[in-house]
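Novice: Pasting in a structure now, in structure tokens, and then I'll have a few things to ask.
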Amino acid sequence: MVEGHFGRTTRIRAMSEEQRTKDFLSRIDAKETIEPKEWMPERYREQLVRMMSQHAHSEIVGMLPEGNWITRAPSLRRKIALIAKVQDEAGHGHYIYSAVETLGVSREEVYRKLLDGSAKYSHIFNYPTTSWADIGMIGWLVDGAAIINQTMLARCSYGPYARAMLRICKEENFHKKQGMEIVSRLCRGTAAQKAMAQESFDRWWWPTLMMFGLPDEKSKNTAELMQFGIKLRSNDELRQRFIDMNVKQAQEFGLTIPDPDLYFDEDSGHWQIGPIPWEEFFEVLKGNGPCNRERLDAKIRAHEEGRWVREAASAFAEKRAKRRAKQ
Amino acid sequence: MTSNRVEHGGAAHTSSRKALDHFVLEIADDALVLGHRLSEWCGHGPTIEEDIALSNISLDHLGQAQCLYELLVENDANYGSADKLAFFRDSFEFRNCILVEQENGDFAQTIVRQVYFSAYYYFLYEQLSSCPISLLSDFAAKARKEVSYHLRHAGEWILRLGDGTTESKARAQAAIVQLWPFVEELLAPSEAASILIAESQVFEPSTVSSAYKQYLETLLSEATLEVPSSTAASPLNGRQLKHSEHLSQLLSVMQSTARAHPDALW
């Protein structure tokens, strides 16, 4: 019989910290879902706040590189689809910020950490979008990588995060299809369009492989996240899945993969890639990527310029509440 | 769709056929240009919620433009395609009003522009939805629902800004005054509209105009803002193809990718 929430709360109150943690981890092992009001180790809460806020920030900052092409999308259909897509990202960010709030941190507090530079977001959004093909590549590769990650997170131990991922994955799948359609169109198009696609692919291939994080032996969070049931697969496993899936896809598009060391390993049945340029990854994380400054500045500017609007809205809401109270 | 063809085919004179096309282009170009302007906010709004709302309104307008361009193409293959109308015409061929090509400015300017615009279309579509030209009435019936949401959204912001803080009130009032000279162009029927009115009584300009003014007066007074006293209209007029500098700048961005690859499919 599954223990009810009330029964569990009473039982847990009587335990020592150590017993509680042990009990918590056995629930994780039993694949139980943890819900907001339930007891959780402080470290579990911290890791979730860190990961979920990074995720929400990535959605919000990710609007910028794609938004960069809204005003120059080449057809009405593409323009409309791109706005709808970027709008979806705003919705995802909003949804995940709300999920973070279930851990006792306000959206304002979390957002402030993005603006003051103390919270991270996916390194991938610090790369520039310099041609229309980048919009296709982001949909196909970046959203494709995100889906692999998020499909795993949809089965993670924290209920609100898992449910958010389930919903978000559905829309991301649609975005990926949209991206692949753009790339496919370019690859079947004029010589200039094909060249545009290849040039863009050359720039995005390696950075998207870095999206899965450092190799397992160097990732400092992976072991703990796996113990907590937040991560169910390692960085390298997810990366390999992405590579196997997309080498084939790139070949179908007629794109050349910018990796002279790439080969198919008959024994393992997997594609093997050459060395990932991790120095570049560290530089971007340190804030020295091509667009780190621009991305953060854009969000700070929007926040500053919107301050008087938010103040007006709360002043009005207060006045209205007072007037209603008098009636 | 058949009925649209009949309406066009049944037009007694080429002049009224041309007037209908021009009138449709006025509405479509208004929607395209404003939809584009609103999309410039995407990722830069004052809150996430407002970012989403402005994108939504932008999407409605772009959808309206696309739908009308397609109707034009359906009735006259010489137009080529909806994309050709949007991406391969020059600024002096656009029939949008001057109001929509104005830059976004601050949030107050964007909201005031939207109220000025949506209020006009709300009352125009109310009349067009029962006009004898089915192409217009079918479209207006559908678009009116969208516009009524836009108007409610922007109207609520006018209340918040007007009756919010000292700063928001000053900004809202400044925007009201700044954009006022472009309202007259909306309310005065264009040449194309005048022909359609004379021939088919598509709408009654004085009814639209008085409902519009009444609405604005009520809204602004509730928001503790003032209706501008000056009646000086802008000498520019998009319906007569006399645009501000903003339109060609907007188009040079919007059309750049399409024009760099004129033979490409996307």
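Each chain of the structure tokens is named A, B, ... in the order shown, its residues numbered from 1; ligands are numbered from 1 in display order.
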Should the cut-off be 8 Å, what would the residue list for chain A against chain B look like, counting only C-alpha atoms, as a ChimeraX atom specification?

Specialist: /A:60,63-64,67,70-76,78,80,83-84,86-87,90-91,94,132,182,185-186,189-190,193,298-299,302-303,305-317

Novice: Excluding range 225-233 of chain A and its own-chain neighbours fewer than 4 positions away, which residues fall within 9 Å of it when counting only C-alpha atoms? Please give them as a PyMOL selection string.

Specialist: chain A and resi 25+28-29+31+44+47-48+149+152-153+155-158+221+237-238

Novice: With C-alpha atoms kept, could you save the residues just selected as an mmCIF file, in the first residue's frame?

Specialist:
```cif
data_model
loop_
_atom_site.group_PDB
_atom_site.id
_atom_site.type_symbol
_atom_site.label_atom_id
_atom_site.label_comp_id
_atom_site.auth_asym_id
_atom_site.auth_seq_id
_atom_site.Cartn_x
_atom_site.Cartn_y
_atom_site.Cartn_z
ATOM 1 C CA LEU A 25 16.887 8.283 -1.035
ATOM 2 C CA ILE A 28 14.069 7.998 -5.019
ATOM 3 C CA ASP A 29 15.310 4.454 -5.615
ATOM 4 C CA LYS A 31 11.043 5.829 -8.359
ATOM 5 C CA TYR A 44 18.344 18.254 -3.320
ATOM 6 C CA GLN A 47 20.455 21.361 -6.995
ATOM 7 C CA LEU A 48 16.899 21.637 -8.303
ATOM 8 C CA ASN A 149 17.816 16.156 -22.208
ATOM 9 C CA MET A 152 15.017 12.345 -19.551
ATOM 10 C CA LEU A 153 14.033 15.145 -17.162
ATOM 11 C CA ARG A 155 10.967 11.240 -15.733
ATOM 12 C CA CYS A 156 12.971 12.983 -13.004
ATOM 13 C CA SER A 157 12.133 12.628 -9.318
ATOM 14 C CA TYR A 158 10.731 16.124 -8.721
ATOM 15 C CA ASN A 221 27.316 17.445 -10.548
ATOM 16 C CA GLU A 237 25.263 8.705 -22.940
ATOM 17 C CA LEU A 238 22.948 11.529 -24.006
#
```

Novice: Find the spatial neighbours of range 177-182 of chain B, counting only C-alpha atoms, within a cut-off of 12 Å - ignore same-chain residues fewer than 2 positions away - and output them as a PyMOL selection string.

Specialist: chain B and resi 96-105+108-117+170-175+184-188+213+216+225-239+243-244

Novice: Find the residues near Arg50 in chain A: any atom within 10 Å, counting only C-alpha atoms, skip ones fewer than 3 places away on the same chain, and give them as a list in words.

Specialist: Tyr44, Arg45, Glu46, Gln47, Ser53, Gln54, His55, Val100, Val110, Ala119 and Lys120 of chain A

Novice: Leaving out Ala56 in chain A and any residue of its chain fewer than 4 positions from it, which residues lie within 10 Å of it when counting only C-alpha atoms, given as a list in words?

Specialist: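 These residues fall inside the cut-off: Met51, Met52, Ile60, Val61, Gly62, Glu89, Ala90, Gly91, His92, Gly93, His94, Tyr95, Ile96, Tyr97, Ser98, Ala99, Val100, Val110, Tyr111, Leu114, Tyr121 and Ser122 of chain A.
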
Novice: Export, as a CSV table (one decimal), in the first residue's frame, the selected residues with N, CA and C atoms.

Specialist:
```csv
chain,number,residue,atom,x,y,z
A,51,MET,N,19.4,24.0,-11.2
A,51,MET,CA,19.1,23.4,-12.6
A,51,MET,C,17.9,24.0,-13.2
A,52,MET,N,16.8,24.1,-12.4
A,52,MET,CA,15.6,24.7,-13.0
A,52,MET,C,15.7,26.1,-13.3
A,60,ILE,N,14.5,32.0,-21.6
A,60,ILE,CA,14.3,33.4,-21.8
A,60,ILE,C,15.5,34.1,-22.6
A,61,VAL,N,16.7,33.7,-22.3
A,61,VAL,CA,17.8,34.3,-23.1
A,61,VAL,C,17.8,33.7,-24.5
A,62,GLY,N,17.4,32.5,-24.6
A,62,GLY,CA,17.3,31.8,-25.9
A,62,GLY,C,16.3,32.5,-26.9
A,89,GLU,N,8.9,29.9,-26.3
A,89,GLU,CA,10.0,29.8,-25.4
A,89,GLU,C,9.7,30.7,-24.1
A,90,ALA,N,9.1,31.9,-24.4
A,90,ALA,CA,8.7,32.8,-23.3
A,90,ALA,C,7.8,32.0,-22.4
A,91,GLY,N,6.8,31.3,-22.9
A,91,GLY,CA,5.9,30.5,-22.2
A,91,GLY,C,6.6,29.4,-21.3
A,92,HIS,N,7.6,28.8,-21.9
A,92,HIS,CA,8.4,27.7,-21.2
A,92,HIS,C,9.1,28.4,-20.0
A,93,GLY,N,9.7,29.5,-20.3
A,93,GLY,CA,10.5,30.2,-19.2
A,93,GLY,C,9.5,30.5,-18.1
A,94,HIS,N,8.4,31.0,-18.4
A,94,HIS,CA,7.4,31.4,-17.4
A,94,HIS,C,6.9,30.2,-16.6
A,95,TYR,N,6.7,29.1,-17.3
A,95,TYR,CA,6.2,27.9,-16.7
A,95,TYR,C,7.3,27.3,-15.7
A,96,ILE,N,8.6,27.3,-16.2
A,96,ILE,CA,9.6,26.8,-15.3
A,96,ILE,C,9.9,27.7,-14.1
A,97,TYR,N,9.8,29.0,-14.3
A,97,TYR,CA,10.0,29.9,-13.2
A,97,TYR,C,8.9,29.6,-12.1
A,98,SER,N,7.7,29.3,-12.6
A,98,SER,CA,6.6,29.0,-11.6
A,98,SER,C,7.0,27.7,-10.9
A,99,ALA,N,7.5,26.7,-11.6
A,99,ALA,CA,7.9,25.5,-11.0
A,99,ALA,C,9.0,25.7,-10.0
A,100,VAL,N,9.9,26.6,-10.2
A,100,VAL,CA,11.0,26.9,-9.3
A,100,VAL,C,10.4,27.5,-8.0
A,110,VAL,N,15.0,34.8,-8.5
A,110,VAL,CA,15.7,33.9,-9.5
A,110,VAL,C,16.1,34.8,-10.7
A,111,TYR,N,15.2,35.7,-11.1
A,111,TYR,CA,15.5,36.5,-12.3
A,111,TYR,C,16.6,37.5,-12.0
A,114,LEU,N,19.9,36.1,-12.7
A,114,LEU,CA,20.3,36.0,-14.1
A,114,LEU,C,20.9,37.4,-14.5
A,121,TYR,N,23.0,30.3,-17.8
A,121,TYR,CA,22.1,29.7,-18.7
A,121,TYR,C,22.9,29.0,-19.8
A,122,SER,N,22.2,28.2,-20.6
A,122,SER,CA,22.9,27.4,-21.6
A,122,SER,C,23.9,28.2,-22.4
```

Novice: Quick one: of A:His123, A:His175, A:Arg112, A:Lys79, who's nearest to Trp140 in chain A, counting only C-alpha atoms?

Specialist: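 Among the listed residues, the smallest separation from Trp140 in chain A belongs to A:His175.
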
Novice: From the DSSP assignment of the backbone, select every residue of range 40-264 of chain B that is helix (DSSP H, G or I), and format the answer as a ChimeraX atom specification.

Specialist: /B:48-75,77-79,82-87,91-93,98-101,107-128,134-162,166-187,191-200,205-222,238-240,245-254,256-260

Novice: Please provide the set of residues having any atom within 10 Å of range 214-217 of chain A, restricted to only C-alpha atoms, with same-chain residues fewer than 3 positions apart removed, written as a PDB file with N, CA and C atoms, in the first residue's frame.

Specialist:
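Below is the file that was written, out-v4.pdb:
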```pdb
ATOM      1  N   LEU A 209      27.121  19.865 -29.472  1.00  0.00           N
ATOM      2  CA  LEU A 209      27.616  18.672 -28.771  1.00  0.00           C
ATOM      3  C   LEU A 209      28.026  19.004 -27.331  1.00  0.00           C
ATOM      4  N   MET A 210      28.445  20.259 -27.125  1.00  0.00           N
ATOM      5  CA  MET A 210      28.849  20.689 -25.778  1.00  0.00           C
ATOM      6  C   MET A 210      27.648  20.891 -24.869  1.00  0.00           C
ATOM      7  N   MET A 211      26.462  21.017 -25.464  1.00  0.00           N
ATOM      8  CA  MET A 211      25.262  21.278 -24.653  1.00  0.00           C
ATOM      9  C   MET A 211      24.995  20.185 -23.619  1.00  0.00           C
ATOM     10  N   LYS A 220      31.099  17.581 -12.378  1.00  0.00           N
ATOM     11  CA  LYS A 220      31.093  17.524 -10.914  1.00  0.00           C
ATOM     12  C   LYS A 220      29.692  17.296 -10.328  1.00  0.00           C
ATOM     13  N   ASN A 221      28.669  17.593 -11.097  1.00  0.00           N
ATOM     14  CA  ASN A 221      27.316  17.445 -10.548  1.00  0.00           C
ATOM     15  C   ASN A 221      26.659  16.107 -10.861  1.00  0.00           C
ATOM     16  N   THR A 222      27.120  15.457 -11.932  1.00  0.00           N
ATOM     17  CA  THR A 222      26.404  14.285 -12.440  1.00  0.00           C
ATOM     18  C   THR A 222      26.118  13.216 -11.379  1.00  0.00           C
ATOM     19  N   ALA A 223      27.139  12.826 -10.612  1.00  0.00           N
ATOM     20  CA  ALA A 223      26.947  11.728  -9.652  1.00  0.00           C
ATOM     21  C   ALA A 223      25.831  12.051  -8.668  1.00  0.00           C
ATOM     22  N   SER A 234      23.804   9.733 -18.114  1.00  0.00           N
ATOM     23  CA  SER A 234      24.994  10.577 -18.008  1.00  0.00           C
ATOM     24  C   SER A 234      25.142  11.462 -19.244  1.00  0.00           C
ATOM     25  N   ASN A 235      25.965  12.499 -19.110  1.00  0.00           N
ATOM     26  CA  ASN A 235      26.210  13.434 -20.218  1.00  0.00           C
ATOM     27  C   ASN A 235      26.662  12.703 -21.478  1.00  0.00           C
ATOM     28  N   ASP A 236      27.603  11.793 -21.313  1.00  0.00           N
ATOM     29  CA  ASP A 236      28.168  11.108 -22.481  1.00  0.00           C
ATOM     30  C   ASP A 236      27.147  10.197 -23.163  1.00  0.00           C
ATOM     31  N   GLU A 237      26.308   9.564 -22.348  1.00  0.00           N
ATOM     32  CA  GLU A 237      25.263   8.705 -22.940  1.00  0.00           C
ATOM     33  C   GLU A 237      24.315   9.526 -23.813  1.00  0.00           C
ATOM     34  N   ARG A 239      24.875  12.482 -25.110  1.00  0.00           N
ATOM     35  CA  ARG A 239      25.603  13.054 -26.252  1.00  0.00           C
ATOM     36  C   ARG A 239      25.705  12.023 -27.378  1.00  0.00           C
ATOM     37  N   ILE A 276      36.273  17.110 -28.753  1.00  0.00           N
ATOM     38  CA  ILE A 276      35.422  18.305 -28.623  1.00  0.00           C
ATOM     39  C   ILE A 276      36.301  19.454 -28.124  1.00  0.00           C
ATOM     40  N   TRP A 278      36.894  21.703 -25.890  1.00  0.00           N
ATOM     41  CA  TRP A 278      36.351  22.144 -24.592  1.00  0.00           C
ATOM     42  C   TRP A 278      36.868  23.501 -24.141  1.00  0.00           C
ATOM     43  N   PHE A 281      34.372  25.963 -24.842  1.00  0.00           N
ATOM     44  CA  PHE A 281      33.257  25.852 -23.898  1.00  0.00           C
ATOM     45  C   PHE A 281      33.572  26.612 -22.605  1.00  0.00           C
ATOM     46  N   PHE A 282      34.793  26.403 -22.071  1.00  0.00           N
ATOM     47  CA  PHE A 282      35.166  27.079 -20.817  1.00  0.00           C
ATOM     48  C   PHE A 282      35.187  28.591 -20.990  1.00  0.00           C
TER      49      PHE A 282
END
```

Novice: Could you please determine the separation between CA of Met165 in chain A and CA of Asp143 in chain A in Å, to one decimal place?

Specialist: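 If I compute the distance from CA of Met165 in chain A to CA of Asp143 in chain A, I get 13.2 Å.
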
Novice: What is the CA of Asp30 in chain B to CA of Glu217 in chain B distance in Å?

Specialist: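 About the pair CA of Asp30 in chain B and CA of Glu217 in chain B: they are 23.9 Å apart.
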
Novice: Extract, using only C-alpha atoms, all DNA, RNA and protein residues at most 12 Å from Phe6 in chain A, discarding same-chain residues fewer than 4 positions from it, and format them as a compact mmCIF listing (two decimals) with C-alpha atoms, in the first residue's frame.

Specialist:
```
# COMPACT_ATOMS: atom_id res chain seq x y z
CA VAL A 2 1.27 3.48 -0.84
CA THR A 10 4.05 12.39 10.78
CA ARG A 11 6.54 9.57 10.43
CA ILE A 12 9.26 11.83 8.99
CA ARG A 13 8.88 14.39 11.81
CA LYS A 37 5.51 20.27 0.37
CA GLU A 38 7.33 17.04 1.18
CA TRP A 39 10.55 16.90 3.14
```

Novice: Distance CA of Leu20 in chain B-CA of Lys142 in chain B, one decimal place?

Specialist: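 The value is 18.7 Å.
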
Novice: Could you pull out the strand (DSSP E or B) residues of range 200-326 of chain A from DSSP and send them as a ChimeraX atom specification?

Specialist: /A:263-265,270-272
